[in-house]
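J.: For reference, this is target-v1.json, and it has JSON, C-alpha atoms.
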```json
[["chain", "number", "residue", "atom", "x", "y", "z"],
["A", 15, "MET", "CA", -19.90, -8.40, 13.11],
["A", 16, "TYR", "CA", -18.18, -7.97, 9.74],
["A", 17, "GLY", "CA", -19.32, -11.41, 8.63],
["A", 18, "LYS", "CA", -22.96, -10.34, 8.48],
["A", 19, "GLY", "CA", -24.31, -10.63, 4.93],
["A", 20, "LEU", "CA", -20.99, -11.99, 3.67],
["A", 21, "ARG", "CA", -22.55, -15.14, 2.22],
["A", 22, "THR", "CA", -25.10, -13.21, 0.14],
["A", 23, "LEU", "CA", -22.43, -10.77, -0.95],
["A", 24, "SER", "CA", -20.11, -13.60, -2.02],
["A", 25, "ILE", "CA", -22.85, -15.25, -4.09],
["A", 26, "ALA", "CA", -23.72, -11.92, -5.74],
["A", 27, "THR", "CA", -20.03, -11.33, -6.50],
["A", 28, "VAL", "CA", -19.61, -14.73, -8.13],
["A", 29, "LEU", "CA", -22.77, -14.25, -10.21],
["A", 30, "VAL", "CA", -21.86, -10.75, -11.40],
["A", 31, "MET", "CA", -18.22, -11.68, -12.11],
["A", 32, "GLY", "CA", -19.44, -14.73, -14.06],
["A", 33, "ALA", "CA", -21.89, -12.54, -16.00],
["A", 34, "ALA", "CA", -19.11, -10.04, -16.71],
["A", 35, "ALA", "CA", -16.82, -12.78, -18.09],
["A", 36, "THR", "CA", -19.65, -14.18, -20.23],
["A", 37, "LEU", "CA", -20.53, -10.74, -21.60],
["A", 38, "THR", "CA", -16.87, -9.95, -22.23],
["A", 39, "PHE", "CA", -16.22, -13.00, -24.36],
["A", 40, "PHE", "CA", -19.64, -13.77, -25.91],
["A", 41, "TYR", "CA", -21.61, -10.51, -26.01],
["A", 42, "ALA", "CA", -19.30, -7.53, -26.43],
["A", 43, "PRO", "CA", -18.27, -7.09, -30.07],
["A", 44, "LEU", "CA", -14.65, -7.28, -31.18],
["A", 45, "ASP", "CA", -13.09, -3.84, -31.46],
["A", 46, "ALA", "CA", -12.58, -2.92, -35.12],
["A", 47, "ASP", "CA", -9.24, -1.28, -34.40],
["A", 48, "GLN", "CA", -7.67, -3.36, -31.63],
["A", 49, "GLY", "CA", -9.36, -6.72, -32.13],
["A", 50, "VAL", "CA", -9.30, -9.23, -29.31],
["A", 51, "ILE", "CA", -6.77, -7.37, -27.13],
["A", 52, "GLN", "CA", -9.48, -4.82, -26.35],
["A", 53, "LYS", "CA", -11.00, -7.51, -24.09],
["A", 54, "ILE", "CA", -8.28, -6.62, -21.55],
["A", 55, "PHE", "CA", -10.09, -3.30, -21.15],
["A", 56, "TYR", "CA", -12.97, -5.04, -19.28],
["A", 57, "LEU", "CA", -10.49, -6.19, -16.65],
["A", 58, "HIS", "CA", -7.85, -3.48, -16.56],
["A", 59, "VAL", "CA", -10.13, -0.41, -16.29],
["A", 60, "PRO", "CA", -12.40, -1.79, -13.50],
["A", 61, "LEU", "CA", -9.25, -2.85, -11.60],
["A", 62, "ALA", "CA", -7.83, 0.67, -11.85],
["A", 63, "ILE", "CA", -11.11, 2.45, -11.01],
["A", 64, "VAL", "CA", -11.91, 0.23, -8.02],
["A", 65, "ALA", "CA", -8.32, 0.52, -6.74],
["A", 66, "LEU", "CA", -8.49, 4.33, -6.87],
["A", 67, "CYS", "CA", -11.94, 4.34, -5.22],
["A", 68, "GLY", "CA", -10.55, 2.01, -2.53],
["A", 69, "PHE", "CA", -7.74, 4.46, -1.81],
["A", 70, "ILE", "CA", -10.31, 7.25, -1.45],
["A", 71, "ALA", "CA", -12.47, 5.02, 0.78],
["A", 72, "GLY", "CA", -9.39, 4.38, 2.92],
["A", 73, "GLY", "CA", -9.04, 8.15, 3.31],
["A", 74, "VAL", "CA", -12.71, 8.54, 4.28],
["A", 75, "PHE", "CA", -12.39, 5.80, 6.93],
["A", 76, "ALA", "CA", -9.23, 7.50, 8.16],
["A", 77, "ILE", "CA", -11.15, 10.77, 8.61],
["A", 78, "GLN", "CA", -13.61, 8.85, 10.76],
["A", 79, "GLN", "CA", -10.73, 7.41, 12.76],
["A", 80, "LEU", "CA", -9.31, 10.87, 13.39],
["A", 81, "ARG", "CA", -12.74, 12.22, 14.34],
["A", 82, "THR", "CA", -13.79, 9.42, 16.68],
["A", 83, "GLY", "CA", -10.51, 7.77, 17.65],
["A", 84, "GLY", "CA", -12.15, 4.38, 17.05],
["A", 85, "ARG", "CA", -9.68, 1.66, 16.11],
["A", 86, "GLU", "CA", -12.29, -0.11, 13.98],
["A", 87, "TRP", "CA", -12.11, 2.80, 11.50],
["A", 88, "ASP", "CA", -8.35, 2.47, 11.37],
["A", 89, "MET", "CA", -8.70, -1.22, 10.59],
["A", 90, "ARG", "CA", -11.26, -0.49, 7.84],
["A", 91, "SER", "CA", -8.94, 2.12, 6.36],
["A", 92, "TYR", "CA", -5.93, -0.21, 6.53],
["A", 93, "VAL", "CA", -7.76, -3.11, 4.84],
["A", 94, "ALA", "CA", -9.22, -0.85, 2.11],
["A", 95, "ILE", "CA", -5.76, 0.53, 1.28],
["A", 96, "HIS", "CA", -4.13, -2.88, 1.48],
["A", 97, "LEU", "CA", -6.69, -4.40, -0.94],
["A", 98, "SER", "CA", -6.50, -1.39, -3.25],
["A", 99, "LEU", "CA", -2.75, -1.92, -3.50],
["A", 100, "VAL", "CA", -3.35, -5.51, -4.62],
["A", 101, "LEU", "CA", -5.84, -4.33, -7.26],
["A", 102, "ALA", "CA", -3.43, -1.57, -8.33],
["A", 103, "VAL", "CA", -0.73, -4.22, -8.92],
["A", 104, "GLY", "CA", -3.26, -6.04, -11.11],
["A", 105, "ALA", "CA", -4.11, -2.82, -12.98],
["A", 106, "LEU", "CA", -0.43, -2.07, -13.61],
["A", 107, "ILE", "CA", 0.37, -5.58, -14.85],
["A", 108, "THR", "CA", -2.73, -5.93, -17.07],
["A", 109, "GLY", "CA", -2.15, -2.41, -18.39],
["A", 110, "SER", "CA", 1.42, -3.28, -19.28],
["A", 111, "ILE", "CA", 0.26, -6.44, -21.07],
["A", 112, "TRP", "CA", -2.25, -4.39, -23.05],
["A", 113, "ALA", "CA", 0.40, -1.76, -23.85],
["A", 114, "ARG", "CA", 2.75, -4.44, -25.10],
["A", 115, "ALA", "CA", 0.03, -5.90, -27.34],
["A", 116, "SER", "CA", -1.23, -2.52, -28.58],
["A", 117, "TRP", "CA", 1.81, -0.22, -28.63],
["A", 118, "GLY", "CA", 4.57, -2.79, -28.88],
["A", 119, "HIS", "CA", 6.25, -1.88, -25.58],
["A", 120, "TRP", "CA", 5.46, -2.50, -21.94],
["A", 121, "TRP", "CA", 5.49, 1.06, -20.66],
["A", 122, "GLU", "CA", 5.18, 4.62, -21.97],
["A", 123, "TRP", "CA", 6.90, 7.19, -19.76],
["A", 124, "ASN", "CA", 5.42, 10.14, -21.69],
["A", 125, "GLU", "CA", 1.84, 9.13, -20.95],
["A", 126, "PRO", "CA", 0.38, 11.03, -17.94],
["A", 127, "VAL", "CA", -2.26, 8.39, -17.11],
["A", 128, "LEU", "CA", 0.31, 5.65, -16.69],
["A", 129, "VAL", "CA", 2.90, 7.71, -14.83],
["A", 130, "SER", "CA", 0.34, 9.32, -12.51],
["A", 131, "PHE", "CA", -1.14, 5.92, -11.62],
["A", 132, "LEU", "CA", 2.37, 4.65, -10.90],
["A", 133, "ILE", "CA", 3.00, 7.68, -8.66],
["A", 134, "VAL", "CA", -0.23, 6.99, -6.73],
["A", 135, "PHE", "CA", 0.77, 3.32, -6.41],
["A", 136, "LEU", "CA", 4.26, 4.16, -5.16],
["A", 137, "LEU", "CA", 2.81, 6.71, -2.75],
["A", 138, "TYR", "CA", 0.62, 4.04, -1.19],
["A", 139, "CYS", "CA", 3.53, 1.59, -1.13],
["A", 140, "CYS", "CA", 4.92, 3.87, 1.60],
["A", 141, "TYR", "CA", 1.79, 3.39, 3.72],
["A", 142, "GLN", "CA", 2.63, 0.00, 5.18],
["A", 143, "PRO", "CA", 6.30, 0.72, 6.03],
["A", 144, "LEU", "CA", 5.14, 3.94, 7.73],
["A", 145, "ARG", "CA", 2.41, 2.12, 9.60],
["A", 146, "PHE", "CA", 4.51, -0.76, 10.85],
["A", 147, "SER", "CA", 7.46, 1.41, 11.80],
["A", 148, "ILE", "CA", 5.37, 2.75, 14.70],
["A", 149, "SER", "CA", 4.86, 0.37, 17.59],
["A", 150, "ASP", "CA", 2.51, 2.44, 19.76],
["A", 151, "PRO", "CA", -1.02, 1.51, 18.55],
["A", 152, "GLU", "CA", -2.52, 4.96, 19.15],
["A", 153, "ARG", "CA", 0.25, 6.76, 17.28],
["A", 154, "GLN", "CA", 0.25, 4.10, 14.59],
["A", 155, "ALA", "CA", -3.48, 4.60, 13.93],
["A", 156, "ARG", "CA", -3.20, 8.39, 14.03],
["A", 157, "TYR", "CA", -0.17, 8.67, 11.73],
["A", 158, "ALA", "CA", -1.53, 6.07, 9.31],
["A", 159, "SER", "CA", -4.85, 7.96, 9.20],
["A", 160, "VAL", "CA", -3.15, 11.28, 8.48],
["A", 161, "PHE", "CA", -1.23, 9.61, 5.66],
["A", 162, "ALA", "CA", -4.41, 7.96, 4.31],
["A", 163, "VAL", "CA", -6.32, 11.27, 4.34],
["A", 164, "ALA", "CA", -3.52, 13.20, 2.59],
["A", 165, "ALA", "CA", -2.92, 10.48, 0.01],
["A", 166, "GLY", "CA", -6.67, 9.92, -0.47],
["A", 167, "ALA", "CA", -7.12, 13.62, -1.25],
["A", 168, "PHE", "CA", -4.27, 13.38, -3.74],
["A", 169, "VAL", "CA", -6.07, 10.66, -5.79],
["A", 170, "PRO", "CA", -8.97, 12.75, -7.22],
["A", 171, "ILE", "CA", -6.70, 15.79, -7.65],
["A", 172, "ASN", "CA", -4.28, 13.61, -9.58],
["A", 173, "PHE", "CA", -7.15, 12.19, -11.67],
["A", 174, "ALA", "CA", -8.42, 15.69, -12.56],
["A", 175, "ALA", "CA", -4.91, 16.90, -13.42],
["A", 176, "VAL", "CA", -4.37, 13.96, -15.74],
["A", 177, "ARG", "CA", -7.70, 14.63, -17.49],
["A", 178, "MET", "CA", -6.46, 18.14, -18.25],
["A", 179, "ALA", "CA", -3.13, 16.92, -19.59],
["A", 180, "THR", "CA", -2.55, 17.32, -23.30],
["A", 181, "ALA", "CA", -0.88, 14.02, -24.23],
["A", 182, "HIS", "CA", -3.50, 11.41, -25.16],
["A", 183, "VAL", "CA", -1.74, 8.19, -26.11],
["A", 184, "HIS", "CA", -3.68, 6.22, -23.48],
["A", 185, "PRO", "CA", -7.40, 5.80, -24.41],
["A", 186, "ARG", "CA", -9.84, 7.87, -22.34],
["A", 187, "VAL", "CA", -12.72, 5.80, -20.98],
["A", 188, "PHE", "CA", -14.96, 8.62, -19.85],
["A", 189, "GLY", "CA", -14.49, 10.94, -22.81],
["A", 190, "THR", "CA", -18.24, 11.00, -23.44],
["A", 191, "THR", "CA", -21.33, 9.78, -21.57],
["A", 192, "THR", "CA", -20.98, 6.29, -23.01],
["A", 193, "GLY", "CA", -17.20, 6.40, -23.08],
["A", 194, "GLY", "CA", -17.28, 6.61, -26.89],
["A", 195, "MET", "CA", -18.14, 2.91, -27.02],
["A", 196, "PRO", "CA", -20.92, 0.95, -28.70],
["A", 197, "THR", "CA", -23.82, 0.16, -26.36],
["A", 198, "ARG", "CA", -22.90, -3.52, -25.99],
["A", 199, "MET", "CA", -19.35, -2.68, -25.01],
["A", 200, "TRP", "CA", -20.57, -0.05, -22.54],
["A", 201, "GLU", "CA", -23.05, -2.49, -20.93],
["A", 202, "THR", "CA", -20.33, -5.13, -20.60],
["A", 203, "PHE", "CA", -17.98, -2.59, -19.06],
["A", 204, "LEU", "CA", -20.58, -1.52, -16.48],
["A", 205, "VAL", "CA", -21.24, -5.14, -15.46],
["A", 206, "ALA", "CA", -17.47, -5.75, -15.20],
["A", 207, "LEU", "CA", -17.10, -2.63, -13.07],
["A", 208, "LEU", "CA", -19.94, -3.71, -10.80],
["A", 209, "GLY", "CA", -18.38, -7.18, -10.47],
["A", 210, "MET", "CA", -15.01, -5.72, -9.54],
["A", 211, "ALA", "CA", -16.61, -3.39, -6.98],
["A", 212, "LEU", "CA", -18.49, -6.32, -5.44],
["A", 213, "LEU", "CA", -15.28, -8.38, -5.37],
["A", 214, "PHE", "CA", -13.50, -5.56, -3.56],
["A", 215, "ILE", "CA", -16.29, -5.26, -0.95],
["A", 216, "THR", "CA", -16.39, -9.04, -0.46],
["A", 217, "LEU", "CA", -12.63, -9.31, 0.03],
["A", 218, "TRP", "CA", -12.67, -6.26, 2.30],
["A", 219, "LYS", "CA", -15.39, -7.72, 4.51],
["A", 220, "THR", "CA", -13.72, -11.15, 4.52],
["A", 221, "GLU", "CA", -10.40, -9.71, 5.63],
["A", 222, "LEU", "CA", -12.06, -7.56, 8.28],
["A", 223, "THR", "CA", -13.94, -10.62, 9.56],
["A", 224, "ALA", "CA", -10.66, -12.55, 9.80],
["A", 225, "LYS", "CA", -8.97, -9.68, 11.64],
["A", 226, "SER", "CA", -11.90, -9.24, 13.98],
["A", 227, "SER", "CA", -11.83, -12.99, 14.76],
["A", 228, "ARG", "CA", -8.11, -12.81, 15.55],
["A", 229, "GLU", "CA", -8.68, -9.85, 17.81],
["A", 230, "GLN", "CA", -11.40, -11.64, 19.73],
["A", 231, "LEU", "CA", -9.23, -14.75, 19.89],
["A", 232, "ASN", "CA", -6.38, -12.75, 21.39],
["A", 233, "ARG", "CA", -8.71, -11.27, 24.00],
["A", 234, "LEU", "CA", -9.94, -14.74, 24.87],
["A", 235, "ARG", "CA", -6.38, -16.00, 25.12],
["A", 236, "ARG", "CA", -5.50, -13.24, 27.58],
["A", 237, "ARG", "CA", -8.53, -14.00, 29.69],
["A", 238, "LEU", "CA", -7.77, -17.71, 29.78],
["A", 239, "ALA", "CA", -4.01, -17.53, 30.13],
["A", 240, "PRO", "CA", -2.94, -14.10, 31.40],
["A", 241, "GLU", "CA", 0.51, -15.42, 32.28],
["A", 242, "THR", "CA", 1.22, -15.90, 28.56],
["A", 243, "ASP", "CA", 0.40, -12.30, 27.66],
["A", 244, "GLU", "CA", 3.95, -11.51, 26.71],
["A", 245, "ALA", "CA", 4.13, -14.45, 24.36],
["A", 246, "ALA", "CA", 0.82, -13.71, 22.66],
["A", 247, "PRO", "CA", 1.24, -12.92, 18.95],
["A", 248, "PRO", "CA", 0.17, -9.50, 17.71],
["A", 249, "LEU", "CA", -3.17, -8.90, 16.01],
["A", 250, "ALA", "CA", -3.64, -9.84, 12.41],
["A", 251, "GLY", "CA", -2.31, -7.04, 10.24],
["A", 252, "HIS", "CA", 0.42, -6.49, 12.85],
["A", 253, "GLU", "CA", -1.68, -4.03, 14.82],
["A", 254, "ALA", "CA", -1.01, -3.91, 18.50],
["A", 255, "GLU", "CA", -3.61, -5.51, 20.72],
["A", 256, "GLN", "CA", -6.37, -3.61, 22.40],
["A", 257, "PRO", "CA", -6.67, -3.95, 26.14],
["A", 258, "PRO", "CA", -9.21, -6.56, 27.21],
["A", 259, "THR", "CA", -12.70, -5.19, 27.69],
["A", 260, "GLU", "CA", -13.13, -7.07, 30.94],
["A", 261, "PRO", "CA", -10.71, -7.32, 33.85],
["A", 262, "VAL", "CA", -8.40, -10.32, 33.73],
["A", 263, "PRO", "CA", -9.50, -12.81, 36.38],
["A", 264, "ALA", "CA", -6.91, -13.56, 39.05],
["A", 265, "HIS", "CA", -5.70, -17.16, 39.38],
["B", 20, "MET", "CA", -14.52, -17.23, -34.78],
["B", 21, "ALA", "CA", -13.87, -16.48, -31.11],
["B", 22, "ALA", "CA", -11.58, -19.50, -30.85],
["B", 23, "LEU", "CA", -9.59, -18.28, -33.85],
["B", 24, "ALA", "CA", -9.28, -14.82, -32.27],
["B", 25, "PHE", "CA", -7.90, -16.31, -29.06],
["B", 26, "ALA", "CA", -5.40, -18.48, -30.89],
["B", 27, "SER", "CA", -3.75, -15.31, -32.18],
["B", 28, "THR", "CA", -0.93, -13.41, -30.45],
["B", 29, "GLY", "CA", -3.48, -10.88, -29.17],
["B", 30, "GLY", "CA", -5.48, -13.72, -27.67],
["B", 31, "ARG", "CA", -2.45, -14.89, -25.74],
["B", 32, "TYR", "CA", -2.02, -11.40, -24.28],
["B", 33, "VAL", "CA", -5.69, -11.42, -23.21],
["B", 34, "ALA", "CA", -5.25, -14.84, -21.62],
["B", 35, "ALA", "CA", -2.12, -13.60, -19.81],
["B", 36, "ALA", "CA", -3.96, -10.55, -18.43],
["B", 37, "TYR", "CA", -6.85, -12.61, -17.09],
["B", 38, "ALA", "CA", -4.39, -15.20, -15.71],
["B", 39, "VAL", "CA", -2.62, -12.42, -13.77],
["B", 40, "PHE", "CA", -5.93, -11.41, -12.20],
["B", 41, "LEU", "CA", -6.77, -15.02, -11.34],
["B", 42, "VAL", "CA", -3.33, -15.56, -9.77],
["B", 43, "LEU", "CA", -3.68, -12.41, -7.64],
["B", 44, "VAL", "CA", -7.08, -13.53, -6.35],
["B", 45, "LEU", "CA", -5.76, -17.05, -5.70],
["B", 46, "ILE", "CA", -2.76, -15.70, -3.76],
["B", 47, "TRP", "CA", -5.13, -13.62, -1.65],
["B", 48, "VAL", "CA", -7.35, -16.69, -1.02],
["B", 49, "ALA", "CA", -4.29, -18.77, -0.06],
["B", 50, "ILE", "CA", -3.11, -16.12, 2.42],
["B", 51, "MET", "CA", -6.59, -15.86, 3.95],
["B", 52, "ALA", "CA", -6.84, -19.66, 4.14],
["B", 53, "SER", "CA", -3.56, -19.84, 6.06],
["B", 54, "LYS", "CA", -4.76, -17.12, 8.46],
["B", 55, "ILE", "CA", -8.06, -18.92, 9.08],
["B", 56, "ALA", "CA", -6.21, -22.20, 9.62],
["B", 57, "ARG", "CA", -4.00, -20.48, 12.22],
["B", 58, "THR", "CA", -7.05, -19.02, 13.94],
["B", 59, "GLU", "CA", -8.67, -22.45, 14.04],
["B", 60, "ARG", "CA", -5.48, -24.01, 15.47],
["B", 61, "GLU", "CA", -5.28, -21.39, 18.21],
["B", 62, "LEU", "CA", -8.98, -21.79, 18.99],
["B", 63, "THR", "CA", -8.38, -25.50, 19.48],
["B", 64, "GLU", "CA", -5.51, -24.71, 21.86],
["B", 65, "LEU", "CA", -7.71, -22.30, 23.81],
["B", 66, "ASN", "CA", -10.49, -24.86, 23.98],
["B", 67, "ASP", "CA", -8.01, -27.39, 25.43],
["B", 68, "LEU", "CA", -6.84, -24.75, 27.91],
["B", 69, "ALA", "CA", -10.43, -23.97, 28.93],
["B", 70, "ASP", "CA", -11.15, -27.68, 29.41],
["B", 71, "LYS", "CA", -8.15, -27.99, 31.77],
["B", 72, "ARG", "CA", -9.22, -25.04, 33.95],
["B", 73, "PRO", "CA", -11.12, -25.89, 37.09],
["B", 74, "ALA", "CA", -14.79, -24.92, 37.00],
["B", 75, "PRO", "CA", -15.51, -21.65, 38.88]]
```
Take the structure in the file and write it out as structure tokens.
T.:
Amino acid sequence: MYGKGLRTLSIATVLVMGAAATLTFFYAPLDADQGVIQKIFYLHVPLAIVALCGFIAGGVFAIQQLRTGGREWDMRSYVAIHLSLVLAVGALITGSIWARASWGHWWEWNEPVLVSFLIVFLLYCCYQPLRFSISDPERQARYASVFAVAAGAFVPINFAAVRMATAHVHPRVFGTTTGGMPTRMWETFLVALLGMALLFITLWKTELTAKSSREQLNRLRRRLAPETDEAAPPLAGHEAEQPPTEPVPAH
Amino acid sequence: MAALAFASTGGRYVAAAYAVFLVLVLIWVAIMASKIARTERELTELNDLADKRPAP
């Protein structure tokens, strides 16, 4: 069911990402101060924004899981957080490359934006060990959801706190309505942000489709060969298996 | 002009940043490809198993 519309979404993602790359290198003007290294901005900032939004989305799905008890919400939350972690790694690495080119060193410990993003990243690094340390699927989903809600609430609070911080070594993107950028830079940034958001949704749906397929495959395996239940591998993402929806036929 | 800009040290940093992104996406694709391959392999096994079962 997750595969519905995936083809159209994938095509749209490729087109928008291609447009973003074209605009970045052939349309957006070179920054008078930073020169060509400012082009990293069109990759690094969308990565960071989409990663943070993904963490929040993971929290929203987790609320749904706690409300309804549905395991599909837990899986959505897990995949959103897992993908956001990957994007956050990209944001940290590309940010460090930009810092090295612009400031002359890879990291600045006195900058609240950098340190707060690292704290959020490290916080979410605890999610998977917590999740997979619990074997009971019900408890696993519940504890992981509680973590996702608490950490998801921390993300916007952290963002607001950083905005109020006084140190401003790191450039602020949303200082004004247009981010203090020329129109062509702002347009390019918006297309890059849209492309990254579409990429996130495409990867999220793809991974959910793969996990759903594995789950259905495991159910089918149990129906066809109930004697091999014990040997059946766990669900993709290491979640425990759901009980089969239909009674296992006796041989 | 653009080519000259990318031949500079700054250009190499930009190339490195975009390469990191590309590598991350490629790693993700490779992991997904291996998972899909495993699913396909297990589906084949289940198909063989279903073929061997007597018809109800």
J.: Enumerate as a PyMOL selection string the residues belonging to chain A that approach chain B to within 10 Å, with only C-alpha atoms taken into account.
T.: chain A and resi 39-40+44+48-58+61+97+100-101+103-105+107-116+213+217+220-221+224-225+227-228+231-232+234-235+238-239+250
J.: Do you have the CA of Ala102 (chain A)-CA of Lys18 (chain A) distance handy?
T.: 27.2 Å
J.: Counting all atoms listed in the file, note down every residue that has an atom within 7 Å of the point (-17.9, -9.5, -19.2) (file coordinates), as a ChimeraX atom specification.
T.: /A:33-39,56,202-203,205-206
J.: To one decimal in Å, tell me the separation between CA of Phe146 (chain A) and CA of Arg90 (chain A).
T.: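 Rounded to one decimal, the two atoms are 16.1 Å apart.
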J.: Which distance in Å separates CA of Leu23 (chain A) and CA of Asp88 (chain A), to one decimal?
T.: 22.9 Å
J.: Near Ala65 (chain A), within 12 Å and counting all atoms listed in the file, which residues show up once chain neighbours fewer than 3 positions away are dropped, as a ChimeraX atom specification?
T.: /A:58-62,68-72,94-106,131,134-135,138,166,169,207,210-211,213-215
